[in-house]
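Remarks on the structure that follows.
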Amino acid sequence: MAIGTKAGAVKLYGAPGVELTGLHKETATVTQLHFLPGQGWLLSLLDDNTLHLWEVCQKDGCSHLEETRSFGLPGRPGCSPGITRVTVVLPTSACAVACLGTEGGAVYFLALPALVLLEDKTLFPDEILQSVPDDYRCGKALGPVESIQEHPRDGSRLLIGYSRGLVVLWEQTTRTVQHLFLGNQQLESLAWEQSGKSIVSSHSDGGYMVWAVSGTGQKTQQPVMSTIPYGPFPCKAISKILWRTCESGNPFIIFNGGMPRASYGDRHCVSVLQGQTLATLDFTSRVIDFFTVQSAEAAEGGFENPRALVVLVEEELVAIDLQTPGWPTIPAPYLAPLHSSAITCSCHVSNVPLKLWERIVSAGEQQSPRLSSAAWPIDGGKNLAQEPTQRGLLLTGHEDGTVRFWDASGVSLKPLYKLGTANIFQTDCEHTDSLNQAGEEEWPPFRKVGCFDPYSDDPRLGVQKIALCKYTAKMVVAGTAGQVLVMELSDEKSEHAVSVATVDLLQDREGFTWKGHDRLAPRNGPLPFAPGFQPSVLVQCVPPAAVTAVTLHSEWNLVAFGTSHGFGLFDYYRRNPVLARCTLHPNDSLAMEGPLSRVKSLKKSLRQSFRRIRKSRVSGKKRLNASSPSSKVQEANAQLAEQAGPPEVEMTPVQRRIEPRSADDSLSGVVRCLYFADTFLRDAAHHGPTMWAGTNSGSVFAYALEVPSQEKFSERAVEAVLGKEIQLMHRAPVVSIAVLDGRGNPLPEPYEVSRDLAKAPDMQGSHSMLISSEEQFKVFTLPKVSAKTKFKLTAHEGCRVRKVALVSLASAGSEERLENCLACLTNLGDIHIFTVPGLRPQVHYGCIRKEDISGIASCVFTKHGQGFYLISPSEFERFSLSARNVTEPLCRLEVSRLQDTSCLSNSSTATPKLPQANGTHVPRSPEGRRSPTDSDRSPEEHPAAFSPGPIDSPNSSMENPLDTTGDITVEEVKDFLASSEEAERNLRNASEDEARPAGILIK
């Protein structure tokens, strides 16, 4: 199965794991794709009227897709270029010729695979008009060619249909018209009946006609049968029709469109008709194309016996089982619509324990018993990839309040389980599916198919943050209206009431009035829950602003959550709040209005802008009095803020002084990150549970927690005492907080040590705290909180940190050799890697286009150096920073060519893995620091040459091409020389397979 995209990508899919991708050099929409059966060749037509030949080539035992030739139809002298615009492409069954129908009504013939025009074979409409009766001609042109179909039993005969309604059976060898079908309705498509004795034509009035094919030289004016299935009122056109014979009796007639204009003109339907059985498959997005998959064993008598119908609609791919009564849907092993409801957040869980995995899979299987049990019909090729060594889960939160669990262990994402949260609340409009509740007498007999549902009952249901403990199967789902749901996995269905607790984050602060949306009202009484994750507690934040951060510690039975007003700590075992802290600045009025409010004052925002401008001008002119004590304090603070770390991490040449931000910036109280750690906060002798919170204004709050032992959970309550309050000088938003043990390793997750799944952290040496803000990374010693090391990521004007994660990179040569690094994604789409805790920059890659704001915002790193981001609303791109952990399709397609078996491409240096589909990558060389072994690698190991983004993307900027050069500045050279001694030391001890990022390898 081949799929073309608007961005010029061609994707081939076979059995699960079999996936090939190619990208046209031109960023043009793919309008048609045609296989050359058995040859390993594929023809593509772009909307710039060029044809391209793709070939499946073998390299290193794996198959790759390469573009080998292209062709543009030359214009006719003295004619408009539009008349040679290709409307129809038909490769003949012998794979020697491709027929091209055009706007001007001519049919051209191309030799394959050379893509050479056979000019002597060209069929112009004048030649056809000579055989047409005078009364039918009426001086009118035939119109564009709408369809060309090869005779199923005789390859020399072609059925050619013209827009005006004329259909011609053309004999190629003798260049004669064998049969004329004089239709009077505008033609849309044609199809043969398998025996070649009948044809079916579909038309613009919503009807189709069956014509008998008889002897030579016949002129047929009347069809055998003519019907408008959804008439008698005016109907929309039937744009494509298929006729498939069946050994068991009546044939299948499958078509799209034909709906009554007035009542159902906006429906996207494919109708399946067999005898008296009719199903109108109703999709939620526009139908692009469809085809049937025939049974592998050809039945005697030449019956087609279709197994399945595969429909590509704009937002998803759906397969229908045609051999099972009721024609159920076949679950897809890939291309599942991730965005059934718009994705609002995502979260990755690595190394999922087998028991939890099996329980999630079991809960998912019980959700969809009505789907077909038939095997996936697209099963070509062989998957050569090894079985994944560990199980990875990708969780996506959605606008409709659902959380979907995806198997992210292999190349494609497979749906495992769907968790809904809307049934806990009384929503504005209760969701009822009117289509499924329709009466039996309804006409047309609509059947809702597919799961893409772009409409949300209530925007407040949207999931903003997810946290999952893989050892205890506890989960937290937080939403747009301040709702925080604590859930646990159950293998049995149950009926119970959800206890509700309210946490007031404003702490009765006066002078603030919430102007945003109301909270969601929970349903009262016991509620039924299916097997899977079931809610036990609902924590409601007041005011009900969107939750901006969440973290879970299942060993201490605590969940922490933050909004634009403050943060709270909740003990879900005793079901009572532990702590609530307001983080609002007195001037932070925008936080009162909420994301869904429409009362934001333009005057207020203008006033704040002018105030900031005035302040920056005043501060620029201000001169401190050197003798005043306050000036000395400020001077000391400034020196402390700008102090350099140890000599080996001095990075001055590529750093820029950070400008402090105003304290009254809007939304300064937004809580950006929350973190639990067992570390030293009060003194260096005693460690214990702590909680950390970072805000938009550069504030960090650290609380010491008194957590009772496991036996005394029910007797004693958890207590929280403020231990430290840190204010970053430059007030940049805090993106992440992490504590490193005495050896500089990140602290393990809850239960990892007690279950012997991780080494115990080093509690002998002093701990460090790594605070990542939007502008710099800084390491502090604990418990004193004195600055130890820092790195300012502001060499590029406007560069800001968007996502960070501590990742563990394993050596490609030895699994025992691990290196913990800090991975950082910036708003420019670049990924930087740093050592921890030294914060030495290692490598720097361009990954996502800087214009792709949604792609950057959706990025999520895994613990082992991979990552995911949305390259479109419906597709995640996977990248890898690790030489060892690379997930990519490795597959083989066997082809038996009738002609040449070698690759047609002349390029010997092509690396087929590199051109990727509608990706949003920047085609630039790695800048900044490169690992010492880069120059020794083979071309395949170098960072991929990334493709430009989709032209149809709302973030696309085709007018402003990206700078694709990796310029080296004088500062970078100086900086490199300054650290050359250490680089030499590292080189002596490191092998080529050192556990360093080897470049970003895509999917």
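Labels for the structure tokens follow display order: chains A, B, ..., residues from 1 in each chain, ligands from 1.
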
What residues in stretch 371-591 of chain A get the DSSP label helix (DSSP H, G or I)? Please answer as an MDAnalysis selection string.
chainID A and resid 422:424 459:461 589:591

Selection above as a file: N, CA and C atoms, as a tab-separated table (two decimals), in the first residue's frame:
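File written: selection.tsv
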```tsv
chain	number	residue	atom	x	y	z
A	422	ALA	N	-14.38	11.82	30.97
A	422	ALA	CA	-15.57	12.67	30.87
A	422	ALA	C	-16.74	12.12	31.67
A	423	ASN	N	-16.82	10.78	31.86
A	423	ASN	CA	-17.98	10.20	32.55
A	423	ASN	C	-18.02	10.52	34.04
A	424	ILE	N	-16.94	11.11	34.56
A	424	ILE	CA	-16.91	11.46	35.99
A	424	ILE	C	-17.63	12.80	36.22
A	459	PRO	N	-14.49	21.99	26.40
A	459	PRO	CA	-13.04	22.21	26.37
A	459	PRO	C	-12.39	22.07	27.74
A	460	ARG	N	-13.16	22.16	28.81
A	460	ARG	CA	-12.60	22.03	30.15
A	460	ARG	C	-12.11	20.62	30.45
A	461	LEU	N	-12.58	19.65	29.66
A	461	LEU	CA	-12.18	18.26	29.88
A	461	LEU	C	-10.74	18.00	29.44
A	589	SER	N	-2.48	40.15	37.14
A	589	SER	CA	-3.93	40.12	36.94
A	589	SER	C	-4.35	39.17	35.84
A	590	LEU	N	-3.46	38.90	34.86
A	590	LEU	CA	-3.85	38.01	33.76
A	590	LEU	C	-4.12	36.60	34.25
A	591	ALA	N	-3.49	36.21	35.36
A	591	ALA	CA	-3.71	34.86	35.88
A	591	ALA	C	-5.13	34.66	36.35
```

Can you list, as a PyMOL selection string, every protein, DNA or RNA residue that comes within 7 Å of A:Ala560 when you count only C-alpha atoms, leaving out same-chain residues fewer than 3 positions away?
chain A and resi 550-552+568-570+674

Atoms kept (all heavy atoms) for selection, written as a CSV table (one decimal), in the first residue's frame:
```csv
chain,number,residue,atom,x,y,z
A,550,VAL,N,2.5,18.6,37.1
A,550,VAL,CA,2.0,17.5,38.0
A,550,VAL,C,3.2,16.5,38.3
A,550,VAL,O,4.0,16.3,37.4
A,550,VAL,CB,0.8,16.8,37.4
A,550,VAL,CG1,1.1,15.4,36.9
A,550,VAL,CG2,-0.4,16.8,38.4
A,551,THR,N,3.3,16.0,39.5
A,551,THR,CA,4.2,14.9,39.7
A,551,THR,C,3.6,14.0,40.8
A,551,THR,O,2.8,14.4,41.6
A,551,THR,CB,5.6,15.4,40.1
A,551,THR,OG1,6.5,14.4,40.2
A,551,THR,CG2,5.6,16.1,41.5
A,552,LEU,N,4.1,12.7,40.8
A,552,LEU,CA,3.5,11.7,41.6
A,552,LEU,C,4.6,10.9,42.3
A,552,LEU,O,5.7,10.6,41.7
A,552,LEU,CB,2.7,10.7,40.7
A,552,LEU,CG,2.2,9.4,41.3
A,552,LEU,CD1,1.1,9.6,42.3
A,552,LEU,CD2,1.7,8.5,40.1
A,568,GLY,N,-0.1,22.8,45.0
A,568,GLY,CA,-0.6,22.1,46.1
A,568,GLY,C,0.0,20.7,46.3
A,568,GLY,O,0.5,20.2,45.3
A,569,LEU,N,-0.1,20.2,47.5
A,569,LEU,CA,0.4,18.8,47.8
A,569,LEU,C,-0.7,18.1,48.4
A,569,LEU,O,-1.4,18.6,49.3
A,569,LEU,CB,1.7,18.9,48.7
A,569,LEU,CG,2.3,17.6,49.0
A,569,LEU,CD1,2.9,17.0,47.8
A,569,LEU,CD2,3.5,17.8,50.0
A,570,PHE,N,-1.0,16.9,47.9
A,570,PHE,CA,-2.1,16.1,48.4
A,570,PHE,C,-1.7,14.7,48.7
A,570,PHE,O,-1.0,14.0,48.0
A,570,PHE,CB,-3.2,16.1,47.3
A,570,PHE,CG,-4.5,15.5,47.7
A,570,PHE,CD1,-5.4,16.3,48.4
A,570,PHE,CD2,-4.8,14.2,47.4
A,570,PHE,CE1,-6.7,15.8,48.7
A,570,PHE,CE2,-6.0,13.6,47.8
A,570,PHE,CZ,-7.0,14.4,48.5
A,674,LEU,N,7.5,20.6,39.0
A,674,LEU,CA,7.4,20.1,40.4
A,674,LEU,C,8.2,18.8,40.4
A,674,LEU,O,8.4,18.1,39.4
A,674,LEU,CB,5.9,19.7,40.7
A,674,LEU,CG,5.0,20.9,40.9
A,674,LEU,CD1,3.5,20.5,40.7
A,674,LEU,CD2,5.2,21.6,42.2
```

Using 10 Å as the limit and counting only C-alpha atoms, can you tabulate each residue of stretch 42-92 of chain A that touches stretch 18-25 of chain A, with its shortest atom-to-atom distance in Å and the two atoms involved, as CSV?
```
residue,atom,partner,partner_atom,distance
A:Ser44,CA,A:His24,CA,9.5
A:Leu46,CA,A:His24,CA,9.2
A:His52,CA,A:His24,CA,8.4
A:Trp54,CA,A:Gly22,CA,8.5
A:Val56,CA,A:Leu20,CA,8.7
A:Ser63,CA,A:Leu20,CA,7.7
A:His64,CA,A:Leu20,CA,6.2
A:Leu65,CA,A:Gly22,CA,5.8
A:Glu66,CA,A:Gly22,CA,6.6
A:Glu67,CA,A:Gly22,CA,7.5
```

So how many Å separate atom CA of A:Gly462 and atom CA of A:Pro577, to one decimal?
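Answer for the atom CA of A:Gly462 to atom CA of A:Pro577 separation: 23.8 Å.
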
Contact residues around stretch 443-456 of chain A with only C-alpha atoms at 9 Å, ignoring same-chain residues under 4 positions, as a ChimeraX atom specification:
/A:230,259,269,278-285,315-318,329,337-342,399-401,435-436,438,461-462
